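A short write-up of the structure that comes next.
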Amino acid sequence: MKRIAKFLLKALLILFLLLNIIAAFHAYKFTHFYNQGQAVIKKPEQQGVWDKTKSILFGLDFTKSKITGRPAVPYETVKLKTQSGLSLEGWHIKSDSAKGTILMFHGHSSSKSKILNEADYFLSLGYNTFLLDFRAHGNSDGNTCTIGMKETEDIKLAYDYIQQTGEKNVVLWGISMGAATITRAVHEYKLQPLKIILEMPFGSLEQAVEGRVRMMGLPVEPTSTLLTFWGGVERGFWAFNYVPCNYAKDITCPVLLQWGRHDRRVTQKEIDCIYSNISSHKRLAVYEYASHQSLCDQEPERWRKEVKRFLNE
């Protein structure tokens with residue numbers, strides 16, 4: 001019996017070590033973007049047995065997002081510098097007799113060029129817009145993403161830049177990672193924007209990982225816990241403390257919170273938690289036909305109606 005117990009104990013230990021090694025590789029790949037040409041990205045139909053096995057064991061490779069379009073109106077390219085020396089690129093698009101400026105922040109593995117449709121509508125409502133590429137995205141420096149933890153500084157830099165232009169009416173808009181990062185920026189830097197629009201923010205970093213694991217068809221536990229742990233360790237922070245649901249308590253301005261009913265990444269429980277913790281004037285808009293993609297693209301009429309109503313209140 002002792003020999004069997006020792007064998008089982010060794011087997012469990014080996015399994016535990018293997019799971020952690022696999023999780024560490026996956027966490028690294030999820031938070032690291034390769035430059036164009038550094039990694040060969042194959043479509044599922046092009047992958048052989050080894051390619052698929054390698055993806056399961058070591059994670060998927062991701063290339064840094066590219067700029068796929070530019071504003072159709074005149075704009076200024078702005079460069080901001082982080083404390084670590086990274087250069088961040090933003091687009092400042094101005095409107096005549098503007099009512100204010102809307103700072104816009106994209107999601108994970110996206111870029112500022114992917115939120116131009118939203119920016120166009122804000123411009124039509126009479127607002128300046130400032131679209132920023134987070135570090136490791138688009139035309140900004142870096143290859144490492146922390147899903148919003150260190151990107152909080154990026155939002156502060158954009159906020160300070162716009163305030164230094166003399167703008168008093170600053171509105172924050174973000175989608176997915178961008179929305180979650182806004183909540184942390186308000187918490188961390190005590191930002192005081194005029195209004196905030198949050199679209200599909202995750203409730204915590206661990207829940208964000210759970211959403212990704214669900215999309216991959218893997219068991220949520222212990223996969224998500226291990227990925228969250230190793231992602232934080234590799235990027236130098238305690239990932240379990242990153243909780244936008246709690247940060248929402250520090251928001252004091254009006255908030256429009258938006259979510260799609262078919263969102264498989266962010267659950268209604270997460271949205272309800274954030275909404276309940278906002279103590280200021282707030283509105284929750286649930287889109288019945290939308291998933292975890294641009295609400296502006298999926299339900300444009302509803303989105304324009306909700307945004308216009310909120311900004312005019």
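Letters A, B, ... go to the chains of the structure tokens in the order shown; residues in each chain start at 1; ligands are counted from 1 in the same order.
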From the DSSP assignment of the backbone, select every residue of range 176-246 of chain A that is strand (DSSP E), and format the answer as a PyMOL selection string.
chain A and resi 195-199
Can you tell me, as a list in words, what residues are no more than 10 Å from Ser95 in chain A when counting only C-alpha atoms, ignoring any on the same chain fewer than 6 positions away?
Val73, Pro74, Tyr75, Thr101, Phe122, Leu123, Ser124, Leu125, Gly126, Tyr127, Asn128 and Thr129 of chain A
Export of prior selection with all heavy atoms as an mmCIF file, in the first residue's frame:
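Wrote part_32.cif, looks like this:
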data_model
loop_
_atom_site.group_PDB
_atom_site.id
_atom_site.type_symbol
_atom_site.label_atom_id
_atom_site.label_comp_id
_atom_site.auth_asym_id
_atom_site.auth_seq_id
_atom_site.Cartn_x
_atom_site.Cartn_y
_atom_site.Cartn_z
ATOM 1 N N VAL A 73 -10.864 62.361 -41.647
ATOM 2 C CA VAL A 73 -10.813 63.810 -41.456
ATOM 3 C C VAL A 73 -9.437 64.181 -40.925
ATOM 4 O O VAL A 73 -8.684 63.311 -40.467
ATOM 5 C CB VAL A 73 -11.916 64.268 -40.472
ATOM 6 C CG1 VAL A 73 -13.300 64.000 -41.055
ATOM 7 C CG2 VAL A 73 -11.765 63.563 -39.118
ATOM 8 N N PRO A 74 -9.064 65.474 -40.988
ATOM 9 C CA PRO A 74 -7.748 65.881 -40.472
ATOM 10 C C PRO A 74 -7.566 65.500 -39.002
ATOM 11 O O PRO A 74 -8.494 65.577 -38.212
ATOM 12 C CB PRO A 74 -7.766 67.406 -40.648
ATOM 13 C CG PRO A 74 -8.723 67.648 -41.776
ATOM 14 C CD PRO A 74 -9.789 66.610 -41.619
ATOM 15 N N TYR A 75 -6.351 65.084 -38.653
ATOM 16 C CA TYR A 75 -6.053 64.694 -37.278
ATOM 17 C C TYR A 75 -4.582 64.950 -36.991
ATOM 18 O O TYR A 75 -3.760 65.109 -37.901
ATOM 19 C CB TYR A 75 -6.380 63.218 -37.054
ATOM 20 C CG TYR A 75 -5.521 62.255 -37.856
ATOM 21 C CD1 TYR A 75 -4.392 61.660 -37.295
ATOM 22 C CD2 TYR A 75 -5.840 61.943 -39.176
ATOM 23 C CE1 TYR A 75 -3.605 60.787 -38.024
ATOM 24 C CE2 TYR A 75 -5.062 61.070 -39.916
ATOM 25 C CZ TYR A 75 -3.942 60.489 -39.348
ATOM 26 O OH TYR A 75 -3.160 59.636 -40.082
ATOM 27 N N THR A 101 -13.971 66.601 -25.054
ATOM 28 C CA THR A 101 -13.106 65.616 -25.708
ATOM 29 C C THR A 101 -13.367 64.231 -25.121
ATOM 30 O O THR A 101 -13.392 64.066 -23.900
ATOM 31 C CB THR A 101 -11.618 65.965 -25.530
ATOM 32 O OG1 THR A 101 -11.352 67.241 -26.126
ATOM 33 C CG2 THR A 101 -10.729 64.919 -26.195
ATOM 34 N N PHE A 122 -18.975 60.098 -32.410
ATOM 35 C CA PHE A 122 -18.719 61.114 -31.384
ATOM 36 C C PHE A 122 -18.407 62.465 -32.027
ATOM 37 O O PHE A 122 -18.846 63.513 -31.536
ATOM 38 C CB PHE A 122 -17.554 60.680 -30.492
ATOM 39 C CG PHE A 122 -17.873 59.518 -29.591
ATOM 40 C CD1 PHE A 122 -16.946 58.509 -29.378
ATOM 41 C CD2 PHE A 122 -19.094 59.428 -28.940
ATOM 42 C CE1 PHE A 122 -17.224 57.440 -28.538
ATOM 43 C CE2 PHE A 122 -19.391 58.365 -28.103
ATOM 44 C CZ PHE A 122 -18.454 57.368 -27.910
ATOM 45 N N LEU A 123 -17.666 62.444 -33.125
ATOM 46 C CA LEU A 123 -17.367 63.680 -33.849
ATOM 47 C C LEU A 123 -18.643 64.317 -34.390
ATOM 48 O O LEU A 123 -18.818 65.543 -34.347
ATOM 49 C CB LEU A 123 -16.389 63.410 -34.997
ATOM 50 C CG LEU A 123 -14.931 63.124 -34.605
ATOM 51 C CD1 LEU A 123 -14.167 62.561 -35.789
ATOM 52 C CD2 LEU A 123 -14.255 64.394 -34.096
ATOM 53 N N SER A 124 -19.552 63.485 -34.903
ATOM 54 C CA SER A 124 -20.814 64.005 -35.448
ATOM 55 C C SER A 124 -21.680 64.642 -34.367
ATOM 56 O O SER A 124 -22.531 65.494 -34.662
ATOM 57 C CB SER A 124 -21.593 62.888 -36.146
ATOM 58 O OG SER A 124 -22.188 62.004 -35.202
ATOM 59 N N LEU A 125 -21.452 64.235 -33.105
ATOM 60 C CA LEU A 125 -22.191 64.818 -31.986
ATOM 61 C C LEU A 125 -21.536 66.093 -31.472
ATOM 62 O O LEU A 125 -22.054 66.730 -30.552
ATOM 63 C CB LEU A 125 -22.300 63.803 -30.843
ATOM 64 C CG LEU A 125 -23.135 62.546 -31.118
ATOM 65 C CD1 LEU A 125 -23.114 61.628 -29.901
ATOM 66 C CD2 LEU A 125 -24.572 62.898 -31.490
ATOM 67 N N GLY A 126 -20.393 66.441 -32.062
ATOM 68 C CA GLY A 126 -19.741 67.696 -31.693
ATOM 69 C C GLY A 126 -18.645 67.566 -30.660
ATOM 70 O O GLY A 126 -18.327 68.532 -29.953
ATOM 71 N N TYR A 127 -18.009 66.388 -30.564
ATOM 72 C CA TYR A 127 -16.938 66.175 -29.595
ATOM 73 C C TYR A 127 -15.598 65.973 -30.302
ATOM 74 O O TYR A 127 -15.537 65.344 -31.369
ATOM 75 C CB TYR A 127 -17.213 64.948 -28.735
ATOM 76 C CG TYR A 127 -18.298 65.146 -27.712
ATOM 77 C CD1 TYR A 127 -19.637 64.926 -28.048
ATOM 78 C CD2 TYR A 127 -18.011 65.556 -26.415
ATOM 79 C CE1 TYR A 127 -20.652 65.115 -27.115
ATOM 80 C CE2 TYR A 127 -19.016 65.744 -25.484
ATOM 81 C CZ TYR A 127 -20.333 65.518 -25.836
ATOM 82 O OH TYR A 127 -21.333 65.712 -24.913
ATOM 83 N N ASN A 128 -14.530 66.503 -29.707
ATOM 84 C CA ASN A 128 -13.195 66.093 -30.101
ATOM 85 C C ASN A 128 -13.008 64.646 -29.645
ATOM 86 O O ASN A 128 -13.644 64.206 -28.676
ATOM 87 C CB ASN A 128 -12.120 66.942 -29.418
ATOM 88 C CG ASN A 128 -12.186 68.406 -29.798
ATOM 89 O OD1 ASN A 128 -12.594 68.752 -30.901
ATOM 90 N ND2 ASN A 128 -11.799 69.277 -28.869
ATOM 91 N N THR A 129 -12.118 63.920 -30.307
ATOM 92 C CA THR A 129 -11.790 62.572 -29.843
ATOM 93 C C THR A 129 -10.281 62.406 -29.769
ATOM 94 O O THR A 129 -9.531 63.035 -30.523
ATOM 95 C CB THR A 129 -12.368 61.483 -30.773
ATOM 96 O OG1 THR A 129 -11.883 61.690 -32.102
ATOM 97 C CG2 THR A 129 -13.891 61.506 -30.759
#
Surrounding residues of Arg304 in chain A excluding itself and chain neighbours under 6 positions, 9 Å, only C-alpha atoms, as a PyMOL selection string:
chain A and resi 118+121+296
Which residues of range 137-171 of chain A come within 10 Å of range 211-235 of chain A, and for each one, what is the closest pair of atoms and their distance in Å to one decimal, counting only C-alpha atoms, sorted by chain and residue number, as CSV?
residue,atom,partner,partner_atom,distance
A:Thr144,CA,A:Arg235,CA,8.2
A:Cys145,CA,A:Arg235,CA,8.4
A:Thr146,CA,A:Arg235,CA,6.8
A:Ile147,CA,A:Gly231,CA,9.7
A:Met149,CA,A:Gly232,CA,9.5
A:Lys150,CA,A:Arg235,CA,9.4
DSSP on the backbone: what in range 56-174 of chain A comes out alpha helix (DSSP H), as a list in words?
Ile56, Leu57, Phe58, Leu116, Asn117, Glu118, Ala119, Asp120, Tyr121, Phe122, Leu123, Ser124, Thr152, Glu153, Asp154, Ile155, Lys156, Leu157, Ala158, Tyr159, Asp160, Tyr161, Ile162, Gln163 and Gln164 of chain A
Pull N, CA and C atoms from the residues just selected and write them as a compact mmCIF listing (two decimals), in the first residue's frame.
# COMPACT_ATOMS: atom_id res chain seq x y z
N ILE A 56 -1.56 23.43 -27.93
CA ILE A 56 -2.16 22.96 -26.68
C ILE A 56 -1.14 23.02 -25.54
N LEU A 57 0.11 22.62 -25.82
CA LEU A 57 1.12 22.55 -24.77
C LEU A 57 1.73 23.91 -24.45
N PHE A 58 1.96 24.73 -25.48
CA PHE A 58 2.72 25.95 -25.27
C PHE A 58 1.96 27.23 -25.56
N LEU A 116 -12.62 53.46 -34.94
CA LEU A 116 -12.88 54.67 -35.72
C LEU A 116 -14.37 54.90 -35.96
N ASN A 117 -15.16 53.83 -36.07
CA ASN A 117 -16.60 54.01 -36.27
C ASN A 117 -17.22 54.73 -35.08
N GLU A 118 -16.82 54.32 -33.88
CA GLU A 118 -17.31 55.00 -32.68
C GLU A 118 -16.84 56.45 -32.66
N ALA A 119 -15.57 56.67 -33.04
CA ALA A 119 -15.02 58.02 -33.04
C ALA A 119 -15.76 58.92 -34.03
N ASP A 120 -16.11 58.39 -35.19
CA ASP A 120 -16.83 59.17 -36.20
C ASP A 120 -18.17 59.66 -35.64
N TYR A 121 -18.85 58.81 -34.89
CA TYR A 121 -20.14 59.23 -34.35
C TYR A 121 -19.97 60.28 -33.25
N PHE A 122 -18.97 60.10 -32.41
CA PHE A 122 -18.72 61.11 -31.38
C PHE A 122 -18.41 62.47 -32.03
N LEU A 123 -17.67 62.44 -33.13
CA LEU A 123 -17.37 63.68 -33.85
C LEU A 123 -18.64 64.32 -34.39
N SER A 124 -19.55 63.48 -34.90
CA SER A 124 -20.81 64.01 -35.45
C SER A 124 -21.68 64.64 -34.37
N THR A 152 -2.85 51.17 -17.18
CA THR A 152 -3.48 52.25 -16.43
C THR A 152 -2.69 53.54 -16.60
N GLU A 153 -1.37 53.43 -16.63
CA GLU A 153 -0.52 54.61 -16.84
C GLU A 153 -0.79 55.24 -18.21
N ASP A 154 -1.08 54.41 -19.21
CA ASP A 154 -1.34 54.92 -20.56
C ASP A 154 -2.57 55.85 -20.55
N ILE A 155 -3.60 55.43 -19.81
CA ILE A 155 -4.81 56.25 -19.72
C ILE A 155 -4.51 57.56 -19.01
N LYS A 156 -3.72 57.50 -17.93
CA LYS A 156 -3.35 58.72 -17.20
C LYS A 156 -2.58 59.68 -18.11
N LEU A 157 -1.69 59.17 -18.93
CA LEU A 157 -0.92 60.01 -19.84
C LEU A 157 -1.83 60.72 -20.84
N ALA A 158 -2.80 59.98 -21.39
CA ALA A 158 -3.75 60.58 -22.34
C ALA A 158 -4.62 61.62 -21.65
N TYR A 159 -5.06 61.31 -20.45
CA TYR A 159 -5.90 62.22 -19.67
C TYR A 159 -5.15 63.52 -19.37
N ASP A 160 -3.90 63.40 -18.93
CA ASP A 160 -3.09 64.58 -18.62
C ASP A 160 -2.83 65.42 -19.86
N TYR A 161 -2.55 64.74 -20.98
CA TYR A 161 -2.28 65.46 -22.22
C TYR A 161 -3.47 66.32 -22.63
N ILE A 162 -4.66 65.74 -22.59
CA ILE A 162 -5.85 66.48 -22.99
C ILE A 162 -6.14 67.62 -22.01
N GLN A 163 -5.95 67.38 -20.74
CA GLN A 163 -6.17 68.44 -19.76
C GLN A 163 -5.19 69.60 -19.96
N GLN A 164 -3.97 69.28 -20.38
CA GLN A 164 -2.97 70.32 -20.62
C GLN A 164 -3.29 71.19 -21.82
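Taking CA of Met104 in chain A as the reference point, CA of Trp173 in chain A is found at 4.9 Å.
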Can you tell me how far CA of Thr31 in chain A sits from CA of Asp133 in chain A, in Å to one decimal?
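It comes out at 15.8 Å.
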